[in-house]
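Structure data follow from entry-v1.csv (CSV, C-alpha atoms and all ligand atoms):
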chain,number,residue,atom,x,y,z
A,1,MET,CA,204.3,122.8,159.8
A,2,LYS,CA,205.3,121.9,163.4
A,3,LEU,CA,206.1,124.5,166.0
A,4,HIS,CA,208.8,124.0,168.7
A,5,GLU,CA,207.8,123.5,172.3
A,6,TYR,CA,208.8,127.0,173.3
A,7,GLN,CA,206.8,128.5,170.4
A,8,SER,CA,203.8,126.5,171.2
A,9,LYS,CA,203.8,127.2,174.9
A,10,PHE,CA,204.4,131.0,174.5
A,11,ARG,CA,201.4,131.0,172.1
A,12,PHE,CA,199.3,128.9,174.5
A,13,ALA,CA,200.1,131.5,177.2
A,14,GLU,CA,198.6,134.3,175.1
A,15,TYR,CA,195.3,132.4,175.5
A,16,GLY,CA,195.5,132.1,179.2
A,17,VAL,CA,197.2,128.7,179.6
A,18,PRO,CA,199.6,128.8,182.5
A,19,ILE,CA,203.1,127.9,181.5
A,20,PRO,CA,206.5,127.9,183.4
A,21,GLN,CA,208.2,131.3,183.1
A,22,GLY,CA,211.2,130.1,181.1
A,23,LYS,CA,213.4,131.4,178.4
A,24,LEU,CA,215.2,130.2,175.3
A,25,ALA,CA,219.0,129.8,175.1
A,26,THR,CA,221.5,129.0,172.5
A,27,SER,CA,224.7,128.6,174.6
A,28,PRO,CA,225.6,127.2,178.0
A,29,ASP,CA,226.5,130.7,179.2
A,30,ASP,CA,223.0,131.9,178.3
A,31,VAL,CA,221.6,128.9,180.2
A,32,PHE,CA,223.8,129.9,183.3
A,33,ARG,CA,222.4,133.4,183.2
A,34,ILE,CA,218.8,132.4,182.8
A,35,ALA,CA,219.1,129.8,185.5
A,36,LYS,CA,220.5,132.4,187.9
A,37,GLU,CA,217.7,134.7,187.0
A,38,ILE,CA,215.1,132.0,187.8
A,39,GLY,CA,216.9,131.3,191.0
A,40,GLY,CA,215.9,127.8,191.8
A,41,PRO,CA,216.1,124.3,190.2
A,42,VAL,CA,215.6,124.4,186.4
A,43,VAL,CA,214.9,122.0,183.6
A,44,VAL,CA,216.9,122.3,180.4
A,45,LYS,CA,214.9,121.1,177.4
A,46,ALA,CA,216.2,120.4,173.9
A,47,GLN,CA,214.2,122.2,171.2
A,48,VAL,CA,213.9,119.8,168.3
A,49,LEU,CA,210.8,118.9,166.4
A,50,VAL,CA,210.4,115.3,167.5
A,51,GLY,CA,208.7,113.7,170.5
A,52,GLY,CA,210.3,111.6,173.1
A,53,ARG,CA,213.1,114.0,173.9
A,54,GLY,CA,213.0,113.0,177.6
A,55,LYS,CA,213.8,109.4,176.8
A,56,ALA,CA,216.5,110.4,174.3
A,57,GLY,CA,218.3,112.4,177.1
A,58,GLY,CA,217.3,115.8,175.7
A,59,ILE,CA,215.6,116.9,179.0
A,60,LYS,CA,217.6,117.3,182.2
A,61,LEU,CA,216.9,118.8,185.6
A,62,ALA,CA,219.6,120.9,187.3
A,63,LYS,CA,219.7,122.3,190.8
A,64,THR,CA,222.2,125.2,190.4
A,65,PRO,CA,223.1,127.6,187.5
A,66,LYS,CA,226.5,125.8,187.3
A,67,GLU,CA,224.9,122.4,186.9
A,68,ALA,CA,222.4,123.9,184.3
A,69,GLN,CA,225.3,125.2,182.3
A,70,LYS,CA,226.9,121.8,182.4
A,71,VAL,CA,223.9,119.8,181.3
A,72,ALA,CA,223.2,122.4,178.6
A,73,SER,CA,226.7,121.9,177.1
A,74,GLY,CA,225.8,118.2,176.9
A,75,ILE,CA,222.4,118.8,175.3
A,76,LEU,CA,223.4,121.6,172.8
A,77,GLY,CA,224.9,120.0,169.7
A,78,MET,CA,223.4,116.6,170.7
A,79,ASP,CA,221.7,114.5,168.0
A,80,ILE,CA,218.1,113.5,168.7
A,81,LYS,CA,216.5,111.2,166.0
A,82,GLY,CA,218.7,112.8,163.3
A,83,LEU,CA,218.2,116.4,164.4
A,84,THR,CA,220.9,118.6,165.9
A,85,VAL,CA,220.0,120.5,169.0
A,86,LYS,CA,220.7,124.2,168.5
A,87,LYS,CA,218.4,125.7,171.1
A,88,VAL,CA,217.3,124.8,174.6
A,89,LEU,CA,214.4,126.0,176.7
A,90,VAL,CA,215.3,126.8,180.4
A,91,ASP,CA,212.2,126.5,182.6
A,92,PRO,CA,211.8,126.6,186.3
A,93,ALA,CA,211.6,123.0,187.4
A,94,ALA,CA,208.1,121.9,188.4
A,95,GLU,CA,207.2,119.4,191.1
A,96,ILE,CA,204.9,116.9,189.4
A,97,GLU,CA,201.9,115.4,191.4
A,98,GLN,CA,199.9,114.3,188.4
A,99,GLU,CA,200.4,114.2,184.6
A,100,ILE,CA,197.5,114.7,182.2
A,101,TYR,CA,197.2,114.7,178.5
A,102,LEU,CA,195.1,117.5,176.8
A,103,GLY,CA,195.0,118.0,173.0
A,104,VAL,CA,192.8,119.5,170.3
A,105,THR,CA,192.7,118.1,166.8
A,106,THR,CA,190.3,117.7,163.9
A,107,ASP,CA,188.1,114.7,163.7
A,108,ARG,CA,187.7,114.4,160.0
A,109,THR,CA,185.0,111.8,160.2
A,110,ALA,CA,182.8,113.9,162.5
A,111,ARG,CA,183.9,117.1,160.6
A,112,LYS,CA,184.5,118.8,163.9
A,113,PRO,CA,187.3,119.8,166.2
A,114,VAL,CA,187.7,117.3,169.1
A,115,ILE,CA,189.3,117.7,172.5
A,116,ILE,CA,191.1,114.7,173.8
A,117,ALA,CA,192.0,114.2,177.4
A,118,SER,CA,193.6,111.4,179.4
A,119,GLY,CA,194.6,110.8,183.0
A,120,GLU,CA,197.6,109.0,181.5
A,121,GLY,CA,199.7,112.0,180.6
A,122,GLY,CA,203.4,112.3,180.0
A,123,VAL,CA,203.6,109.2,177.8
A,124,GLU,CA,202.9,109.0,174.1
A,125,ILE,CA,199.2,109.2,173.6
A,126,GLU,CA,199.3,106.8,170.6
A,127,GLN,CA,200.6,104.2,173.1
A,128,VAL,CA,197.7,104.9,175.6
A,129,ALA,CA,195.2,104.7,172.7
A,130,ALA,CA,196.6,101.3,171.7
A,131,ASP,CA,197.0,99.8,175.2
A,132,THR,CA,194.1,101.3,177.1
A,133,PRO,CA,191.7,103.0,174.7
A,134,GLU,CA,189.2,103.4,177.5
A,135,LYS,CA,191.5,106.0,179.2
A,136,ILE,CA,191.1,108.4,176.3
A,137,ILE,CA,188.2,110.7,176.6
A,138,ARG,CA,186.8,112.8,173.7
A,139,GLN,CA,184.5,115.8,173.4
A,140,HIS,CA,183.5,117.1,170.0
A,141,ILE,CA,183.4,120.9,169.9
A,142,ASP,CA,181.1,123.0,167.9
A,143,PRO,CA,183.4,125.5,166.3
A,144,PHE,CA,180.8,128.3,166.6
A,145,LEU,CA,180.1,127.7,170.3
A,146,GLY,CA,183.6,126.8,171.5
A,147,VAL,CA,184.2,124.7,174.6
A,148,ARG,CA,181.1,124.6,176.8
A,149,GLU,CA,181.6,124.6,180.6
A,150,TYR,CA,179.8,121.2,180.9
A,151,GLN,CA,182.1,119.6,178.3
A,152,ALA,CA,185.2,120.7,180.2
A,153,ARG,CA,183.6,119.3,183.4
A,154,ASN,CA,182.8,116.0,181.7
A,155,LEU,CA,186.5,115.7,180.6
A,156,ALA,CA,187.8,116.6,184.0
A,157,LEU,CA,185.5,114.1,185.7
A,158,GLU,CA,186.3,111.2,183.3
A,159,ILE,CA,190.0,111.6,183.6
A,160,GLY,CA,189.8,111.6,187.4
A,161,LEU,CA,190.9,115.2,188.1
A,162,SER,CA,189.9,116.3,191.6
A,163,ARG,CA,187.1,118.7,191.7
A,164,GLU,CA,189.1,121.7,193.0
A,165,HIS,CA,191.0,121.8,189.6
A,166,TRP,CA,187.9,121.8,187.4
A,167,LYS,CA,187.6,125.5,187.0
A,168,ALA,CA,191.3,125.9,186.1
A,169,PHE,CA,191.0,122.9,183.8
A,170,ALA,CA,188.0,124.5,182.0
A,171,ARG,CA,189.9,127.7,181.4
A,172,ILE,CA,192.9,125.8,180.0
A,173,ALA,CA,190.7,123.7,177.7
A,174,ASP,CA,189.0,126.8,176.5
A,175,GLY,CA,192.3,128.7,176.0
A,176,LEU,CA,193.9,125.7,174.1
A,177,PHE,CA,190.8,125.4,171.9
A,178,ARG,CA,190.8,129.1,171.0
A,179,CYS,CA,194.5,129.0,170.3
A,180,TYR,CA,194.0,126.0,168.0
A,181,MET,CA,191.2,127.8,166.1
A,182,ALA,CA,193.0,131.1,165.8
A,183,SER,CA,196.2,129.5,164.7
A,184,ASP,CA,194.6,127.3,161.9
A,185,ALA,CA,196.2,124.4,163.7
A,186,SER,CA,195.6,120.8,163.0
A,187,LEU,CA,197.0,119.9,166.5
A,188,ALA,CA,197.5,121.8,169.7
A,189,GLU,CA,198.7,119.5,172.5
A,190,ILE,CA,199.8,119.8,176.1
A,191,ASN,CA,201.5,116.6,177.2
A,192,PRO,CA,201.8,116.7,180.1
A,193,LEU,CA,199.5,119.2,181.7
A,194,ILE,CA,200.5,118.7,185.4
A,195,VAL,CA,199.2,119.3,188.9
A,196,THR,CA,202.1,120.9,190.7
A,197,GLY,CA,203.2,120.5,194.3
A,198,ASP,CA,201.5,123.8,195.0
A,199,ASP,CA,198.3,122.3,193.6
A,200,GLU,CA,198.1,124.3,190.4
A,201,LEU,CA,197.7,123.3,186.8
A,202,LEU,CA,200.7,124.0,184.6
A,203,ALA,CA,201.4,123.1,180.9
A,204,ILE,CA,205.0,121.9,180.9
A,205,ASP,CA,205.2,120.6,177.4
A,206,GLY,CA,203.6,122.0,174.2
A,207,LYS,CA,203.2,121.0,170.6
A,208,MET,CA,201.4,122.6,167.7
A,209,VAL,CA,201.0,121.6,164.0
A,210,ILE,CA,199.8,124.4,161.7
A,211,ASP,CA,197.9,123.6,158.5
A,212,ASP,CA,200.4,124.6,155.7
A,213,ASN,CA,197.4,125.6,153.6
A,214,ALA,CA,196.6,128.4,156.0
A,215,LEU,CA,200.0,129.9,156.3
A,216,PHE,CA,199.2,132.6,153.8
A,217,ARG,CA,196.9,134.1,156.5
A,218,GLN,CA,199.2,133.3,159.4
A,219,PRO,CA,202.3,135.3,158.5
A,220,SER,CA,203.6,135.5,162.1
A,221,LEU,CA,203.4,131.7,162.3
A,222,ALA,CA,204.9,131.1,158.8
A,223,GLU,CA,208.0,133.0,160.0
A,224,MET,CA,208.5,130.5,162.7
A,225,ARG,CA,209.3,127.7,160.3
A,226,ASP,CA,212.6,126.0,161.2
A,227,MET,CA,214.4,125.0,158.0
A,228,ASP,CA,216.9,122.9,159.8
A,229,ASP,CA,214.2,120.5,160.9
A,230,GLU,CA,212.8,119.8,157.5
A,231,ALA,CA,214.1,117.3,155.0
A,232,PRO,CA,216.0,119.1,152.2
A,233,ALA,CA,213.8,117.6,149.5
A,234,GLU,CA,210.7,118.9,151.3
A,235,THR,CA,212.2,122.5,151.5
A,236,GLN,CA,213.1,122.4,147.8
A,237,ALA,CA,209.7,121.0,146.8
A,238,ARG,CA,207.9,123.7,148.8
A,239,GLN,CA,210.0,126.5,147.4
A,240,ALA,CA,209.3,125.2,143.8
A,241,GLY,CA,205.6,125.0,144.6
A,242,LEU,CA,205.4,121.3,144.3
A,243,SER,CA,203.2,118.9,146.4
A,244,TYR,CA,205.7,116.3,147.4
A,245,VAL,CA,205.6,113.5,149.9
A,246,LYS,CA,208.5,111.1,150.2
A,247,LEU,CA,207.6,107.4,150.4
A,248,GLY,CA,209.6,104.2,150.9
A,249,GLY,CA,209.4,102.6,147.4
A,250,GLU,CA,211.7,102.5,144.3
A,251,ILE,CA,209.6,104.1,141.6
A,252,GLY,CA,209.9,107.9,141.3
A,253,CYS,CA,206.6,109.4,140.1
A,254,MET,CA,206.1,112.7,138.4
A,255,VAL,CA,202.5,113.5,137.7
A,256,ASN,CA,200.3,116.5,137.1
A,257,GLY,CA,197.2,116.5,139.4
A,258,ALA,CA,196.7,114.9,142.8
A,259,GLY,CA,194.1,112.4,141.6
A,260,LEU,CA,196.2,111.3,138.7
A,261,ALA,CA,199.2,111.0,141.1
A,262,MET,CA,197.1,108.7,143.3
A,263,ALA,CA,196.0,106.6,140.4
A,264,THR,CA,199.6,106.3,139.2
A,265,MET,CA,200.8,105.1,142.6
A,266,ASP,CA,198.0,102.5,142.7
A,267,MET,CA,198.9,101.4,139.2
A,268,THR,CA,202.6,100.8,140.1
A,269,GLN,CA,201.5,98.8,143.2
A,270,LEU,CA,199.2,96.8,141.0
A,271,PHE,CA,202.1,95.7,138.8
A,272,GLY,CA,204.2,94.8,141.8
A,273,GLY,CA,206.2,98.0,142.3
A,274,SER,CA,206.1,100.6,145.1
A,275,PRO,CA,206.2,104.4,144.7
A,276,ALA,CA,209.2,106.3,146.0
A,277,ASN,CA,207.1,109.4,146.3
A,278,PHE,CA,203.9,111.3,145.7
A,279,LEU,CA,204.6,114.3,143.5
A,280,ASP,CA,202.1,116.6,142.0
A,281,ILE,CA,203.6,119.3,139.7
A,282,GLY,CA,200.2,120.9,139.5
A,283,GLY,CA,198.4,122.4,136.5
A,284,GLY,CA,200.3,124.5,134.0
A,285,ALA,CA,203.7,123.7,135.3
A,286,GLN,CA,206.6,125.4,133.4
A,287,SER,CA,209.8,123.6,132.6
A,288,ASP,CA,211.7,125.0,135.6
A,289,LYS,CA,209.2,123.4,137.9
A,290,VAL,CA,209.5,120.1,136.1
A,291,ALA,CA,213.3,120.3,136.3
A,292,ALA,CA,213.1,121.0,140.1
A,293,ALA,CA,210.8,118.0,140.5
A,294,LEU,CA,213.1,115.6,138.6
A,295,ARG,CA,216.1,116.8,140.6
A,296,ILE,CA,214.2,116.0,143.8
A,297,ILE,CA,213.3,112.5,142.6
A,298,LEU,CA,216.8,111.7,141.4
A,299,ALA,CA,218.3,112.8,144.7
A,300,ASP,CA,216.5,109.9,146.4
A,301,PRO,CA,219.0,106.9,146.3
A,302,ASN,CA,216.1,104.4,146.5
A,303,VAL,CA,214.8,105.4,143.1
A,304,ASN,CA,215.4,102.7,140.5
A,305,SER,CA,213.2,104.1,137.8
A,306,VAL,CA,211.2,107.2,137.1
A,307,LEU,CA,207.6,107.2,135.8
A,308,PHE,CA,206.3,110.4,134.1
A,309,ASN,CA,202.6,110.5,133.8
A,310,ILE,CA,201.4,113.7,132.3
A,311,PHE,CA,197.9,114.3,131.1
A,312,GLY,CA,198.2,117.6,129.3
A,313,GLY,CA,195.3,120.0,129.7
A,314,ILE,CA,196.5,123.3,130.9
A,315,THR,CA,199.9,121.7,131.3
A,316,ARG,CA,201.6,121.5,128.0
A,317,CYS,CA,203.5,118.3,127.1
A,318,ASP,CA,206.3,120.2,125.3
A,319,GLU,CA,206.9,122.4,128.4
A,320,VAL,CA,207.2,119.2,130.5
A,321,ALA,CA,209.6,117.6,127.9
A,322,ARG,CA,211.7,120.7,128.0
A,323,GLY,CA,211.9,120.6,131.8
A,324,ILE,CA,212.9,116.9,131.7
A,325,LEU,CA,215.7,117.6,129.2
A,326,ALA,CA,216.9,120.6,131.2
A,327,ALA,CA,217.2,118.5,134.4
A,328,LEU,CA,218.9,115.6,132.6
A,329,ASP,CA,221.4,118.1,131.1
A,330,GLU,CA,222.3,119.1,134.6
A,331,ILE,CA,222.3,115.7,136.3
A,332,PRO,CA,223.3,112.9,134.0
A,333,THR,CA,221.8,109.7,135.3
A,334,ASP,CA,221.5,106.1,134.3
A,335,VAL,CA,218.2,105.6,136.1
A,336,PRO,CA,215.7,104.3,133.5
A,337,MET,CA,212.8,106.5,132.6
A,338,VAL,CA,209.3,105.8,131.3
A,339,VAL,CA,207.2,108.5,129.9
A,340,ARG,CA,203.5,108.7,129.2
A,341,LEU,CA,202.7,112.1,127.7
A,342,VAL,CA,199.2,112.6,126.4
A,343,GLY,CA,197.1,115.7,125.7
A,344,THR,CA,198.0,119.2,124.8
A,345,ASN,CA,201.1,119.4,122.5
A,346,GLU,CA,201.9,115.7,123.0
A,347,GLU,CA,203.4,115.4,119.5
A,348,GLU,CA,205.8,118.2,120.2
A,349,GLY,CA,206.6,116.7,123.6
A,350,ARG,CA,207.4,113.3,122.2
A,351,ALA,CA,209.5,114.7,119.4
A,352,LEU,CA,211.6,116.6,122.0
A,353,LEU,CA,212.2,113.5,124.0
A,354,ALA,CA,212.8,111.2,121.0
A,355,ASP,CA,216.5,111.6,121.3
A,356,ALA,CA,216.6,111.1,125.0
A,357,ASP,CA,216.9,107.5,126.0
A,358,MET,CA,213.5,106.9,127.4
A,359,THR,CA,210.8,104.3,127.2
A,360,THR,CA,207.4,105.6,126.1
A,361,ALA,CA,203.9,104.3,126.6
A,362,THR,CA,200.5,105.5,125.7
A,363,THR,CA,198.3,104.0,128.5
A,364,LEU,CA,198.9,104.4,132.2
A,365,ALA,CA,198.8,100.6,132.7
A,366,LYS,CA,201.5,100.0,130.1
A,367,ALA,CA,203.6,102.9,131.5
A,368,ALA,CA,203.4,101.6,135.1
A,369,GLN,CA,204.2,98.0,134.0
A,370,LYS,CA,207.2,99.2,132.1
A,371,ALA,CA,208.4,101.4,135.0
A,372,VAL,CA,208.2,98.4,137.4
A,373,GLU,CA,210.1,96.2,135.0
A,374,ALA,CA,212.7,98.9,134.4
A,375,ALA,CA,213.2,99.3,138.2
A,376,LYS,CA,213.7,95.6,138.7
A,377,SER,CA,216.3,95.3,136.0
A,378,TYR,CA,218.1,98.4,137.2
A,379,ALA,CA,218.2,97.0,140.7
A,380,ASN,CA,219.5,93.7,139.4
A,381,ALA,CA,222.2,95.4,137.3
A,382,GLU,CA,223.3,97.4,140.4
A,383,ALA,CA,223.5,94.3,142.6
A,401,LIG,P1,209.0,115.0,175.6
A,401,LIG,O1,209.7,113.8,176.1
A,401,LIG,O2,209.6,115.4,174.3
A,401,LIG,O3,207.5,114.8,175.4
A,401,LIG,O4,209.2,116.2,176.6
A,401,LIG,P2,208.4,116.7,177.9
A,401,LIG,O5,208.5,118.1,178.0
A,401,LIG,O6,207.0,116.2,177.9
A,401,LIG,O7,209.2,116.0,179.1
A,401,LIG,C1,209.3,114.6,179.3
A,401,LIG,C2,209.1,114.3,180.8
A,401,LIG,O8,210.1,115.0,181.5
A,401,LIG,C3,207.8,114.8,181.4
A,401,LIG,O9,206.7,114.0,181.2
A,401,LIG,C4,208.2,114.9,182.8
A,401,LIG,O10,208.0,113.7,183.4
A,401,LIG,C5,209.6,115.3,182.8
A,401,LIG,N1,209.8,116.7,183.1
A,401,LIG,C6,209.7,117.8,182.2
A,401,LIG,N2,209.8,119.0,182.8
A,401,LIG,C7,209.9,118.7,184.1
A,401,LIG,C8,210.0,119.5,185.3
A,401,LIG,O11,209.9,120.7,185.3
A,401,LIG,N3,210.1,118.8,186.5
A,401,LIG,C9,210.1,117.5,186.6
A,401,LIG,N4,210.1,116.9,187.8
A,401,LIG,N5,210.0,116.7,185.5
A,401,LIG,C10,209.9,117.3,184.3
A,402,MN,MN,205.8,115.6,176.2

Take the structure from the file and write it as structure tokens.
Amino acid sequence: MKLHEYQSKFRFAEYGVPIPQGKLATSPDDVFRIAKEIGGPVVVKAQVLVGGRGKAGGIKLAKTPKEAQKVASGILGMDIKGLTVKKVLVDPAAEIEQEIYLGVTTDRTARKPVIIASGEGGVEIEQVAADTPEKIIRQHIDPFLGVREYQARNLALEIGLSREHWKAFARIADGLFRCYMASDASLAEINPLIVTGDDELLAIDGKMVIDDNALFRQPSLAEMRDMDDEAPAETQARQAGLSYVKLGGEIGCMVNGAGLAMATMDMTQLFGGSPANFLDIGGGAQSDKVAAALRIILADPNVNSVLFNIFGGITRCDEVARGILAALDEIPTDVPMVVRLVGTNEEEGRALLADADMTTATTLAKAAQKAVEAAKSYANAEA
């Protein structure tokens, strides 16, 4: 789950990271009032969960409250990469002498958190990594020791930060790291961290990604989720307790178990198809969950066939069949379906589906092959 810039920065501030003293607004009048309170030039910033807002015209400087109100009315309601801007952050404008990148993430290979810093801040870090990898500096952090003074100094030295800022930089790196750990984040990022005209360090942008699996113990963060910024299919999947990831292919897959789902996707690829999604309905799924999953799959216009691959252990094949029938009752479709049902109550399951117009298969290879063929002929018939 991603947090907005204002949510991330306010949280960073709780860990001693200096941020501009700004406020959130939802209307141009609000912006006028806040800008007046701030009393100098301000920056009005679109709060949407995508990067590159600056380039998209979602970040504007304004010298007076009137001008801030005017730019805000342009930004509020604006579309940035498919998301509508409903909130803006109004920050006192900062004078930028230097832009730095500072982030904490997990290095899965090293099985440790890692702090990443670069003197090339303000631009997308992926771009810096691709063009000039030598300008990206890393320090692995022992989660039990935290950021050691020497590690922060190494980073500061390597990114070319002048010595007078090292102490402040170390405090910020330490605060950002503690915030990352305490929030169960997979990313905590300041881009850019700037040196101001007054020679101080200031975090003027913030981004956090929280590990969804930890939200049960982060209730205050879970509350911050912005439903508007999530694809409807993902919201529905989460609410139904399904693990769902949309992909670009044409074969909808409904599978129980993550490993089996992976194998199913591999198998469709092997036979020349491409999966439309990863979808794990989990163990012991009841019919309502199966129905929800099928609704999500069929709502994807790219889907040209659906492949059910159910290995019944705790999950009962008859329950799955009932869910499929319930969903089909509700949404009649001519998308071809291929079913492989094996394991607990497979006979009952197959009997239930006998009257539905579905292709059956007993092995995964056969099922995948048939789903790929069905998708091809469906696409040809549509064309
Ligand atoms: P992003 O484009 O979504 O990453 O949004 P940022 O908050 O990082 O802003 C993009 C760029 O706008 C920054 O890299 C700065 O160059 C500029 N910017 C943002 N806030 C200020 C500010 O207060 N003063 C000035 N002069 N520029 C700013
Ligand atoms: Mn940024």

Site check for ligand MN 402 (chain A): residues at most 6 Å away, all atoms listed in the file, as a compact mmCIF listing (two decimals) with C-alpha atoms, keeping the file's coordinate frame:
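Output file part.txt follows:
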# COMPACT_ATOMS: atom_id res chain seq x y z
CA GLY A 122 203.40 112.30 180.00
CA ASN A 191 201.50 116.60 177.20
CA PRO A 192 201.80 116.70 180.10
CA ASP A 205 205.20 120.60 177.40

Here is a test: counting all atoms listed in the file, which residue of A:Val31, A:His4, A:Lys63, A:Glu99 is nearest to ligand LIG 401 (chain A)? A:Glu99

Just give me the gap between CA of Glu164 in chain A and CA of Ile204 in chain A in Å, one decimal is fine.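 Here the two named atoms are 20.0 Å from each other.
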
Using only C-alpha atoms and all ligand atoms, which of A:Leu247, A:Leu187, A:Met78, A:Ala94 sits nearest ligand LIG 401 (chain A)? A:Ala94

Out of A:Phe32, A:Tyr244, A:Phe144, A:Phe169, which residue has the shortest atom-to-atom distance to Ala276 in chain A when counting all atoms listed in the file? A:Tyr244

Would you list the contacts of Gly16 in chain A as an MDAnalysis selection string, taking every protein, DNA or RNA residue within 6 Å and counting all atoms listed in the file, but skipping same-chain residues closer than 2 positions in sequence? chainID A and resid 13:14 175

To one decimal place, how far is atom O3 of ligand LIG 401 (chain A) from CA of Asp107 in chain A in Å? 22.7 Å

Neighbourhood of ligand LIG 401 (chain A) at 9 Å, counting only C-alpha atoms and all ligand atoms, reported as a PyMOL selection string: chain A and resi 5+20+41-61+91-96+99+121-124+190-194+204-207
